[in-house]
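Peer 1: This is final.cif (mmCIF, C-alpha atoms (C1' of nucleotides)).
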```
data_my_file
#
loop_
_atom_site.label_atom_id
_atom_site.label_comp_id
_atom_site.auth_asym_id
_atom_site.auth_seq_id
_atom_site.Cartn_x
_atom_site.Cartn_y
_atom_site.Cartn_z
CA MET M 1 86.53 100.66 81.38
CA ASP M 2 85.03 97.25 82.25
CA SER M 3 83.14 96.87 85.51
CA ILE M 4 82.65 94.36 88.29
CA ASP M 5 79.48 94.25 90.40
CA LEU M 6 80.34 94.57 94.10
CA LYS M 7 77.08 92.80 94.99
CA GLY M 8 76.34 94.96 98.00
CA GLN M 9 79.83 94.67 99.46
CA PRO M 10 81.51 97.98 100.34
CA LEU M 11 84.67 99.21 98.62
CA ASP M 12 86.23 102.64 99.12
CA LEU M 13 89.43 102.96 97.09
CA ASP M 14 90.64 106.09 98.92
CA LEU M 15 90.57 104.17 102.19
CA THR M 16 91.70 100.79 100.89
CA LEU M 17 94.57 101.99 98.72
CA GLY M 18 95.52 105.01 100.83
CA CYS M 19 95.53 103.51 104.30
CA GLY M 20 99.17 102.43 104.25
CA GLN M 21 98.89 98.71 103.52
CA ALA M 22 100.28 99.09 99.98
CA PHE M 23 102.81 101.57 98.68
CA ARG M 24 102.44 101.71 94.89
CA TRP M 25 99.06 103.37 94.40
CA ARG M 26 98.46 106.97 93.28
CA LYS M 27 95.28 108.90 92.58
CA ARG M 28 94.85 110.97 89.44
CA GLU M 29 93.02 114.31 89.38
CA ASP M 30 90.06 112.64 87.64
CA GLY M 31 89.62 110.37 90.66
CA VAL M 32 91.06 107.23 89.06
CA TRP M 33 93.49 105.20 91.17
CA TYR M 34 96.40 103.61 89.34
CA GLY M 35 99.22 101.37 90.39
CA VAL M 36 101.34 98.42 89.35
CA VAL M 37 100.26 95.04 90.72
CA ARG M 38 102.50 92.11 89.80
CA ASP M 39 102.93 92.39 86.00
CA ARG M 40 100.16 94.87 85.19
CA LEU M 41 99.34 98.54 85.50
CA ILE M 42 95.83 98.77 86.94
CA GLU M 43 93.35 101.65 86.88
CA LEU M 44 90.38 101.59 89.25
CA GLN M 45 87.37 103.73 90.03
CA VAL M 46 84.27 102.98 92.09
CA GLU M 47 80.84 104.35 91.22
CA GLY M 48 77.83 103.13 93.14
CA ASN M 49 77.97 99.39 93.41
CA LEU M 50 80.38 98.92 90.53
CA VAL M 51 84.16 98.98 90.40
CA TYR M 52 85.38 100.11 87.00
CA TRP M 53 88.75 98.73 85.93
CA ARG M 54 91.31 98.64 83.15
CA THR M 55 94.67 96.89 83.02
CA TYR M 56 97.77 97.26 80.85
CA PRO M 57 98.34 94.72 79.39
CA ASP M 58 94.64 93.89 79.40
CA GLY M 59 93.00 90.78 80.75
CA GLY M 60 93.58 91.46 84.44
CA ARG M 61 90.06 90.89 85.75
CA GLU M 62 90.95 87.88 87.89
CA LEU M 63 93.97 89.71 89.27
CA ILE M 64 91.72 92.55 90.46
CA VAL M 65 89.14 90.23 92.01
CA ASP M 66 91.91 88.44 93.88
CA TYR M 67 93.89 91.56 94.88
CA LEU M 68 90.86 93.43 96.23
CA ARG M 69 89.45 90.25 97.82
CA LEU M 70 86.16 90.89 96.08
CA THR M 71 84.78 87.47 96.95
CA ASP M 72 85.11 88.13 100.70
CA ASP M 73 82.01 88.84 102.77
CA VAL M 74 83.18 92.15 104.24
CA ASN M 75 79.70 93.01 105.51
CA ALA M 76 79.70 89.89 107.69
CA ALA M 77 83.16 90.71 109.06
CA ASN M 78 82.10 94.28 109.84
CA ARG M 79 78.92 93.12 111.55
CA TRP M 80 80.86 90.66 113.68
CA LEU M 81 83.39 93.30 114.74
CA SER M 82 80.71 95.92 115.37
CA GLU M 83 78.82 93.60 117.68
CA ARG M 84 81.94 93.12 119.78
CA ASP M 85 83.02 96.74 120.14
CA PRO M 86 80.97 99.94 119.79
CA HIS M 87 84.12 101.94 119.00
CA ILE M 88 84.91 99.66 116.08
CA ALA M 89 81.26 99.95 115.03
CA GLN M 90 81.77 103.72 114.74
CA LEU M 91 84.94 103.23 112.70
CA VAL M 92 83.21 100.72 110.40
CA GLU M 93 80.69 103.47 109.63
CA ARG M 94 83.29 106.23 109.37
CA PHE M 95 85.65 104.21 107.17
CA HIS M 96 82.95 102.34 105.28
CA GLY M 97 84.51 100.39 102.43
CA MET M 98 88.04 100.03 103.79
CA ARG M 99 89.24 96.53 102.97
CA LEU M 100 92.33 94.45 103.44
CA LEU M 101 94.23 93.59 100.26
CA ARG M 102 95.71 90.31 99.08
CA GLN M 103 99.11 91.45 97.86
CA ASP M 104 101.87 89.38 96.38
CA PRO M 105 103.72 88.02 99.43
CA THR M 106 107.20 88.52 97.97
CA GLU M 107 106.49 92.16 97.17
CA ALA M 108 104.84 92.67 100.56
CA LEU M 109 107.81 91.19 102.42
CA LEU M 110 110.42 93.21 100.53
CA SER M 111 108.33 96.39 100.72
CA PHE M 112 107.89 96.19 104.46
CA VAL M 113 111.61 95.54 104.93
CA CYS M 114 111.97 99.07 103.52
CA SER M 115 109.51 100.37 106.11
CA ALA M 116 111.72 100.02 109.19
CA ALA M 117 111.76 103.34 111.06
CA ASN M 118 110.67 105.09 107.89
CA SER M 119 107.75 107.24 106.83
CA ILE M 120 105.09 106.17 104.33
CA PRO M 121 105.92 108.84 101.67
CA ARG M 122 109.60 107.90 101.81
CA ILE M 123 108.83 104.17 101.59
CA SER M 124 106.67 104.78 98.50
CA ALA M 125 109.34 106.95 96.89
CA ALA M 126 112.08 104.40 97.57
CA ILE M 127 110.03 101.55 96.09
CA GLU M 128 109.37 103.53 92.91
CA VAL M 129 113.12 104.17 92.56
CA LEU M 130 113.85 100.46 93.01
CA ALA M 131 111.16 99.44 90.52
CA SER M 132 112.46 101.86 87.88
CA LEU M 133 116.05 100.62 88.37
CA TYR M 134 115.52 96.87 88.75
CA GLY M 135 111.91 96.03 87.86
CA GLU M 136 110.74 94.76 84.49
CA LEU M 137 108.89 97.19 82.21
CA VAL M 138 105.15 96.58 82.50
CA CYS M 139 103.92 99.15 79.99
CA GLU M 140 104.43 102.63 78.64
CA LYS M 141 101.48 105.00 78.72
CA ARG M 142 101.43 108.64 77.66
CA GLY M 143 105.21 108.65 77.67
CA VAL M 144 105.46 107.30 81.21
CA CYS M 145 107.07 103.92 81.88
CA TYR M 146 105.63 101.67 84.60
CA TYR M 147 107.76 98.96 86.17
CA ALA M 148 106.99 95.84 88.19
CA PHE M 149 108.37 95.41 91.68
CA PRO M 150 111.91 93.99 91.32
CA LYS M 151 112.25 90.23 91.52
CA PRO M 152 114.22 88.99 94.56
CA GLU M 153 116.79 87.36 92.25
CA ARG M 154 117.61 90.78 90.81
CA LEU M 155 117.97 92.45 94.22
CA ALA M 156 119.96 89.56 95.69
CA ALA M 157 122.46 89.74 92.82
CA LEU M 158 123.39 93.37 93.55
CA GLU M 159 126.70 94.32 95.14
CA PRO M 160 126.51 94.87 98.92
CA GLY M 161 125.94 98.53 99.75
CA VAL M 162 124.42 99.46 96.38
CA LEU M 163 120.88 99.57 97.74
CA ASN M 164 121.86 101.70 100.74
CA VAL M 165 122.24 104.79 98.60
CA GLN M 166 119.41 104.10 96.13
CA GLY M 167 116.04 105.50 97.09
CA SER M 168 117.64 106.85 100.29
CA LEU M 169 117.13 103.43 101.85
CA GLY M 170 120.09 103.79 104.20
CA PHE M 171 120.60 100.80 106.47
CA ARG M 172 117.41 99.22 105.10
CA GLY M 173 119.14 98.67 101.75
CA GLU M 174 121.43 95.93 102.99
CA ASN M 175 118.52 94.32 104.86
CA LEU M 176 116.56 94.31 101.62
CA ARG M 177 119.34 92.58 99.68
CA MET M 178 119.82 90.07 102.50
CA VAL M 179 116.10 89.20 102.71
CA ALA M 180 115.90 88.93 98.91
CA GLN M 181 118.79 86.45 99.01
CA GLN M 182 117.03 84.36 101.64
CA ILE M 183 113.85 84.27 99.53
CA VAL M 184 115.95 83.05 96.57
CA ASP M 185 117.54 80.39 98.77
CA GLN M 186 114.16 78.95 99.74
CA SER M 187 112.30 76.47 97.56
CA GLU M 188 110.13 77.94 94.81
CA GLY M 189 106.67 78.90 95.99
CA TRP M 190 107.73 78.95 99.63
CA LEU M 191 106.21 82.33 100.47
CA LEU M 192 102.99 81.73 98.56
CA GLY M 193 102.71 78.34 100.25
CA LEU M 194 102.44 80.08 103.60
CA ARG M 195 98.84 80.93 102.67
CA ASN M 196 98.03 77.27 103.25
CA VAL M 197 99.48 76.92 106.74
CA PRO M 198 98.12 78.27 110.06
CA TYR M 199 99.00 81.82 111.08
CA ALA M 200 101.45 80.73 113.80
CA CYS M 201 103.43 78.59 111.33
CA ALA M 202 103.55 81.34 108.71
CA HIS M 203 104.66 83.91 111.28
CA ALA M 204 107.33 81.59 112.67
CA GLU M 205 108.74 80.94 109.20
CA LEU M 206 108.86 84.64 108.41
CA VAL M 207 110.63 85.74 111.60
CA ALA M 208 113.19 83.00 110.95
CA VAL M 209 114.33 85.14 108.01
CA ARG M 210 117.22 87.33 109.10
CA GLY M 211 116.14 90.97 108.88
CA VAL M 212 112.48 90.14 109.48
CA GLY M 213 111.05 90.77 112.93
CA PRO M 214 107.57 90.23 114.33
CA LYS M 215 106.12 93.44 112.91
CA ILE M 216 107.17 92.87 109.30
CA ALA M 217 106.09 89.22 109.58
CA ASP M 218 102.64 90.31 110.73
CA CYS M 219 102.35 92.83 107.89
CA VAL M 220 103.10 90.07 105.38
CA CYS M 221 100.64 87.72 107.10
CA LEU M 222 97.83 90.29 107.15
CA PHE M 223 98.30 92.02 103.81
CA SER M 224 99.31 89.10 101.61
CA LEU M 225 98.73 85.72 103.28
CA ASP M 226 95.05 85.93 104.31
CA LYS M 227 95.91 85.75 108.02
CA ASP M 228 93.17 88.07 109.27
CA GLU M 229 94.14 87.48 112.89
CA ALA M 230 97.62 88.98 112.40
CA VAL M 231 98.23 92.28 114.23
CA PRO M 232 101.27 94.31 113.12
CA VAL M 233 102.32 96.35 116.14
CA ASP M 234 104.09 99.59 115.23
CA THR M 235 104.44 102.85 117.10
CA HIS M 236 100.87 103.88 116.16
CA VAL M 237 99.35 100.59 117.29
CA ARG M 238 101.34 100.62 120.53
CA GLN M 239 100.07 104.11 121.31
CA LEU M 240 96.45 103.37 120.50
CA ALA M 241 96.55 100.10 122.44
CA HIS M 242 97.87 102.04 125.44
CA ARG M 243 95.07 104.58 125.05
CA LEU M 244 92.23 102.10 124.50
CA PHE M 245 93.09 98.78 126.16
CA LEU M 246 96.28 98.91 128.19
CA PRO M 247 96.43 102.06 130.36
CA ASP M 248 99.35 100.64 132.34
CA LEU M 249 101.45 100.12 129.19
CA LYS M 250 103.99 102.85 129.86
CA ALA M 251 106.78 101.58 127.60
CA LYS M 252 107.83 103.96 124.86
CA SER M 253 109.66 101.31 122.83
CA ILE M 254 108.26 98.09 121.40
CA THR M 255 110.08 95.28 123.15
CA ASN M 256 109.09 91.66 122.53
CA ALA M 257 107.11 91.71 125.77
CA VAL M 258 105.23 94.88 124.75
CA TYR M 259 104.57 93.41 121.31
CA ARG M 260 103.06 90.26 122.82
CA ARG M 261 100.89 92.24 125.25
CA VAL M 262 99.43 94.38 122.46
CA VAL M 263 98.82 91.38 120.19
CA ASP M 264 97.15 89.47 123.03
CA ALA M 265 94.90 92.45 123.80
CA PHE M 266 93.77 92.61 120.17
CA ARG M 267 93.32 88.86 119.86
CA GLU M 268 91.31 88.72 123.08
CA ARG M 269 88.90 91.40 121.84
CA TYR M 270 88.66 90.70 118.14
CA GLY M 271 89.65 87.05 117.74
CA GLU M 272 90.14 85.81 114.20
CA LEU M 273 89.45 89.29 112.79
CA ALA M 274 91.97 91.11 114.98
CA GLY M 275 93.80 92.29 111.87
CA TRP M 276 90.71 94.00 110.46
CA ALA M 277 90.17 95.74 113.81
CA GLN M 278 93.82 96.78 113.83
CA GLN M 279 93.45 98.31 110.38
CA TYR M 280 90.44 100.42 111.38
CA LEU M 281 92.13 101.60 114.57
CA PHE M 282 95.46 102.15 112.84
CA TYR M 283 93.87 104.35 110.20
CA GLU M 284 92.00 106.37 112.81
CA ASP M 285 95.29 106.93 114.63
CA LEU M 286 97.08 107.81 111.38
CA LEU M 287 94.51 110.54 110.68
CA ARG M 288 94.79 111.75 114.26
CA SER M 289 98.59 112.04 114.00
CA ARG M 290 98.30 113.90 110.67
CA ALA M 291 95.73 116.36 112.05
"C1'" DG A 1 114.26 87.30 129.55
"C1'" DC A 2 114.38 92.16 129.10
"C1'" DT A 3 116.36 96.68 127.72
"C1'" DT A 4 119.08 99.54 124.89
"C1'" DA A 5 122.13 101.44 121.29
"C1'" DA A 6 123.17 101.43 116.56
"C1'" DC A 7 121.82 101.47 112.02
"C1'" DC A 8 120.68 105.87 107.35
"C1'" DT A 9 118.03 109.72 106.02
"C1'" DG A 10 115.20 113.72 105.70
"C1'" DG A 11 111.33 116.46 107.28
"C1'" DA A 12 109.24 118.85 111.28
"C1'" DC A 13 109.89 121.52 115.08
"C1'" DG A 14 111.81 124.61 118.62
"C1'" DC A 15 115.19 127.89 119.56
"C1'" DG T 1 120.65 128.26 110.52
"C1'" DC T 2 121.33 124.63 113.82
"C1'" DG T 3 120.34 120.85 116.94
"C1'" DT T 4 117.07 117.39 118.16
"C1'" DC T 5 113.45 114.25 117.49
"C1'" DC T 6 111.01 110.95 115.03
"C1'" DA T 7 109.41 107.93 111.35
"C1'" DG T 8 104.61 101.57 109.90
"C1'" DG T 9 111.93 97.88 113.02
"C1'" DT T 10 115.62 94.55 113.68
"C1'" DT T 11 119.63 92.91 115.72
"C1'" DA T 12 123.12 91.94 119.03
"C1'" DA T 13 125.24 93.05 123.23
"C1'" DG T 14 124.87 93.80 128.02
"C1'" DC T 15 122.61 93.24 132.27
#
```
Since I need it in another form, could you write the structure as structure tokens?

Peer 2:
Amino acid sequence: MDSIDLKGQPLDLDLTLGCGQAFRWRKREDGVWYGVVRDRLIELQVEGNLVYWRTYPDGGRELIVDYLRLTDDVNAANRWLSERDPHIAQLVERFHGMRLLRQDPTEALLSFVCSAANSIPRISAAIEVLASLYGELVCEKRGVCYYAFPKPERLAALEPGVLNVQGSLGFRGENLRMVAQQIVDQSEGWLLGLRNVPYACAHAELVAVRGVGPKIADCVCLFSLDKDEAVPVDTHVRQLAHRLFLPDLKAKSITNAVYRRVVDAFRERYGELAGWAQQYLFYEDLLRSRA
DNA sequence: GCTTAACCTGGACGC
DNA sequence: GCGTCCAGGTTAAGC
């Protein structure tokens, strides 16, 4: 395997790839993480201050640097957050090396459409089914075929209702086809172009897509568009915000008003890095709920 | 402007 | 075994 020097920046693959921001990563018994990113199968392992990598087809070094955001100064972000909140400082220590990813925005959008009222294992399973049915073959290794995430053109061209039964997507299947069609209808490079506009503009464009609400839009902003201030508010985040910041937040459902209150609370405390804070707190809550 | 039911499915849980 | 609840939401109708 080739290696990349992390130059003193932390990276923990278990935390980064297993914290629920991406759905296509698995860990082998030998400790190597593998998953399909865009048009390559990637294998990763961290030892000391080096990240060892291999891609199929080869030549994916730049893809890995970009996907893992290896040029970011994570130490500076963690210091800034830790100075603002002692609880976050504890989580930065506890989850040392958890990073945000820079995923492909089209894949992120379509993946999170599958996440509505769903559980992480079922989302992952559904996406693998979709990739094997409609994605292009990336490589074959030890008799196992690996497929890219399906292109929106392919999903949009399917008959209505087909996706509902595949991967047990249920009502999310028709949403997926509908969102894929709207991506196709936009000008080429539209989603990727949202990296170059302010967060508020990107979020507004995303929620204008039918089938995309504020939560999915924030997931896409945070996990694929470099909008580190985005705060996806799901049931976990609502509960932890109630526990930590908003004791009077009694609502059990996430209405628009509740969503805004939670986002404002995060933004007020953690500013431009509210999304990083959200990810630390979300993961803590995820472990708590699994315990 | 806010709340609520409906939308699929399967695992967890209580009885 | 069966019923109920809930899971990384969104939409449209009703108030």

Peer 1: Please determine an axis-aligned box that encloses all atoms of stretch 1-6 of chain T listed in the file, with 3 Å added on each side, and express its centre and edge lengths in Å to one decimal as AutoDock Vina command-line options.

Peer 2:
```
--center_x 116.2 --center_y 119.6 --center_z 114.3 --size_x 16.3 --size_y 23.3 --size_z 13.6
```

Peer 1: Find the distance between atom CA of M:Thr16 and atom CA of M:Arg102 and write it in Å to one decimal.

Peer 2: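 Atom CA of M:Arg102 lies at a distance of 11.4 Å from atom CA of M:Thr16.
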
Peer 1: Should the cut-off be 10 Å, what would the residue list for chain T against chain M look like, counting all atoms listed in the file, as a VMD selection string?

Peer 2: chain T and resid 6 to 11

Peer 1: For chain A, report every residue with an atom at most 8 Å from chain M (counting all atoms listed in the file), formatted as a list in words.

Peer 2: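 Residues satisfying the distance criterion: DC2, DT3, DC7, DC8 and DT9 of chain A.
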
Peer 1: Suppose you want the space between atom CA of M:Phe95 and atom CA of M:Leu81; what is it in Å?

Peer 2: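 Computing the Euclidean distance for atom CA of M:Phe95 and atom CA of M:Leu81 yields 13.5 Å.
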
Peer 1: Take the PyMOL selection byres ((chain M and resi 149) around 9), run it mentally on this structure, and tell me the resulting residues as a VMD selection string.

Peer 2: chain M and resid 36 to 39 107 127 to 128 130 to 132 134 to 136 147 to 148 150 to 151

Peer 1: Quick one: everything within 12 Å of A:DG14, counting all atoms listed in the file, minus sequence neighbours fewer than 6 positions away in the same chain. Send it as a PyMOL selection string.

Peer 2: chain T and resi 2-5

Peer 1: Write out as a list in words which residues come within 10 Å of stretch 87-89 of chain M when counting all atoms listed in the file, dropping same-chain ones fewer than 6 positions away.

Peer 2: Asn78, Arg79, Trp80, Leu81, Phe95, Leu244, Tyr270, Trp276, Ala277, Gln278, Tyr280 and Leu281 of chain M

Peer 1: Grab the atom CA of M:Arg24 to atom CA of M:Ser124 distance for me, in Å with one decimal place.

Peer 2: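 These atoms are spaced 6.4 Å apart.
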
Peer 1: Give me the result of the PyMOL selection byres ((chain M and resi 178) around 9) on this file, residue by residue, as a PyMOL selection string.

Peer 2: chain M and resi 155-156+160+173-177+179-183+210-211

Peer 1: If you apply the PyMOL selection byres ((chain M and resi 4) around 8) to this file, what residues do you get, as a VMD selection string?

Peer 2: chain M and resid 2 to 3 5 to 6 50 to 53
